[in-house]
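Heads up: the structure comes next, in structure tokens.
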Amino acid sequence: MITLSLILLGAVIVGGLVAVLRGPTPLDRLLALDFLSLPMAAILVVWGTIHPESHARDIALILVVAGFVGVVIAAPRLARRKGQP
Amino acid sequence: MNTVGSLLILFGSLFMALAVTGILRFDDPLMKLQSASKGATAGMGLILLGTVALDFRAQTVFFALAMMGLIFVVSPTVSHVIAKSHVDSGGELSSTMELNELSGDDH
């Protein structure tokens, strides 16, 4: 059942990548990229629980923080670039 | 305990799949934002609960609490920043919107 969950999370990541490629505006792409950091972190958390000797859970924590900082810096810049004529 | 944890992880993955379905099918960034942030937070919470049920040790419980607290802080902040950028840059709003609280001259 955990293997099924990992396969489902992989399909979620593929769907998020499709949304990144398809989004009509830059903010849509940024939103999908921000969403993608959570399924990736979820896969790392599940993997780190199955194999407790690996450092996968620390990577998941850092991934979430890096995604947060990137989106908070990028979103107002994208909006300003779009708002200027 | 093993079955409960696996089931919780499976439900969390299903919530993530619902969230990505919302991102793929909605057309307005504000609607997409609603689906993405709520679905991903619920899915991540269920998955962390499942890992706690699978492996009930102090480090797993502490990690799950820390991750959940981080996501509860990060996810609304990111949603607010993206939505504010969308509205400020004059992005088009949904035709079904009835009340726009940011439409005043000073916000």
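Residues in the structure tokens are named by chain (A, B, ... in the order shown) and by number from 1 within that chain; ligands are numbered from 1 in the order shown.
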If you count only C-alpha atoms, which residues fall within 8 Å of Leu9 (chain A), apart from same-chain ones fewer than 2 positions away, as a PDB file with C-alpha atoms, in the first residue's frame?
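Everything below was put into selection11.pdb:
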ATOM      1  CA  SER A   5       1.056   5.792  -2.360  1.00  0.00           C
ATOM      2  CA  LEU A   6       4.530   6.476  -3.761  1.00  0.00           C
ATOM      3  CA  ILE A   7       3.295   5.753  -7.302  1.00  0.00           C
ATOM      4  CA  ALA A  11       1.697  10.808 -10.740  1.00  0.00           C
ATOM      5  CA  VAL A  12       0.850  13.967  -8.780  1.00  0.00           C
ATOM      6  CA  ILE A  13       4.315  15.353  -9.543  1.00  0.00           C
ATOM      7  CA  PRO A  39       4.453  16.240  -3.119  1.00  0.00           C
ATOM      8  CA  MET A  40       8.233  16.081  -3.500  1.00  0.00           C
ATOM      9  CA  ALA A  42       5.889  14.007   0.863  1.00  0.00           C
ATOM     10  CA  ILE A  43       7.782  11.403  -1.183  1.00  0.00           C
TER      11      ILE A  43
ATOM     12  CA  SER B  13      -1.741  10.847  -1.510  1.00  0.00           C
ATOM     13  CA  MET B  16      -2.630  15.469  -3.205  1.00  0.00           C
ATOM     14  CA  ALA B  17      -4.158  13.955  -6.355  1.00  0.00           C
TER      15      ALA B  17
END
For this session: Using only C-alpha atoms, determine which residues lie at most 12 Å from region 52-62 of chain A, disregarding the query and same-chain residues fewer than 2 positions distant; provide the list as an MDAnalysis selection string.
Result: (chainID A and resid 37:50 64:69) or (chainID B and resid 44 48 51 54:55 57 59:60 62:71 74)
Closest atom pairs, residues of chain B within 9 Å of chain A, only C-alpha atoms, as a Markdown table:
| residue | atom | partner | partner_atom | distance |
| --- | --- | --- | --- | --- |
| B:Thr3 | CA | A:Met1 | CA | 8.7 |
| B:Ser6 | CA | A:Ile2 | CA | 5.8 |
| B:Leu7 | CA | A:Met1 | CA | 7.5 |
| B:Ile9 | CA | A:Ser5 | CA | 6.6 |
| B:Leu10 | CA | A:Ser5 | CA | 5.1 |
| B:Phe11 | CA | A:Ser5 | CA | 8.4 |
| B:Gly12 | CA | A:Ser5 | CA | 8.4 |
| B:Ser13 | CA | A:Ser5 | CA | 5.8 |
| B:Leu14 | CA | A:Leu8 | CA | 7.5 |
| B:Met16 | CA | A:Val12 | CA | 6.7 |
| B:Ala17 | CA | A:Val12 | CA | 5.6 |
| B:Leu18 | CA | A:Val12 | CA | 9.0 |
| B:Ala19 | CA | A:Val12 | CA | 8.7 |
| B:Val20 | CA | A:Gly16 | CA | 6.3 |
| B:Thr21 | CA | A:Gly15 | CA | 7.9 |
| B:Ile23 | CA | A:Ala19 | CA | 7.0 |
| B:Leu24 | CA | A:Ala19 | CA | 5.8 |
| B:Asp28 | CA | A:Asp28 | CA | 8.6 |
| B:Pro29 | CA | A:Asp28 | CA | 6.0 |
| B:Lys32 | CA | A:Leu31 | CA | 8.0 |
| B:Leu33 | CA | A:Leu31 | CA | 7.0 |
| B:Ala36 | CA | A:Phe35 | CA | 6.1 |
| B:Ser37 | CA | A:Phe35 | CA | 7.3 |
| B:Ala40 | CA | A:Leu38 | CA | 6.6 |
| B:Thr41 | CA | A:Leu38 | CA | 8.2 |
| B:Gly43 | CA | A:Ala42 | CA | 8.7 |
| B:Met44 | CA | A:Ala42 | CA | 6.5 |
| B:Ile47 | CA | A:Ala42 | CA | 7.1 |
| B:Leu48 | CA | A:Val45 | CA | 7.7 |
| B:Gly50 | CA | A:Val46 | CA | 8.9 |
| B:Thr51 | CA | A:Thr49 | CA | 6.4 |
| B:Val52 | CA | A:Thr49 | CA | 8.9 |
| B:Leu54 | CA | A:Thr49 | CA | 8.0 |
| B:Asp55 | CA | A:Thr49 | CA | 7.2 |
| B:Thr60 | CA | A:Thr49 | CA | 7.9 |
| B:Phe63 | CA | A:Arg57 | CA | 8.1 |
| B:Ala66 | CA | A:Leu61 | CA | 8.9 |
| B:Met67 | CA | A:Leu61 | CA | 6.7 |
| B:Leu70 | CA | A:Val65 | CA | 8.2 |
| B:Ile71 | CA | A:Val64 | CA | 7.8 |
| B:Val74 | CA | A:Phe68 | CA | 6.4 |
| B:Ser75 | CA | A:Phe68 | CA | 8.1 |
| B:Thr77 | CA | A:Val72 | CA | 8.3 |
| B:Val78 | CA | A:Val72 | CA | 6.4 |
| B:Ser79 | CA | A:Leu31 | CA | 8.4 |
| B:Val81 | CA | A:Val72 | CA | 6.5 |
| B:Ile82 | CA | A:Ala75 | CA | 5.9 |
| B:Lys84 | CA | A:Pro76 | CA | 8.4 |
| B:Ser85 | CA | A:Ala79 | CA | 5.3 |
| B:His86 | CA | A:Ala79 | CA | 6.6 |
| B:Val87 | CA | A:Ala79 | CA | 8.8 |
| B:Asp88 | CA | A:Ala79 | CA | 7.2 |
| B:Ser89 | CA | A:Gly83 | CA | 4.7 |
| B:Gly90 | CA | A:Gly83 | CA | 6.8 |
| B:Gly91 | CA | A:Gly83 | CA | 8.8 |
Seminar exercise, completed: Taken to one decimal, the CA of His51 (chain A)-CA of Lys38 (chain B) distance is 28.7 Å
For this session: May I ask for the distance between CA of Leu30 (chain B) and CA of Val73 (chain B), given in Å to one decimal place?
Result: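 One can read the CA of Leu30 (chain B) to CA of Val73 (chain B) distance as 19.3 Å.
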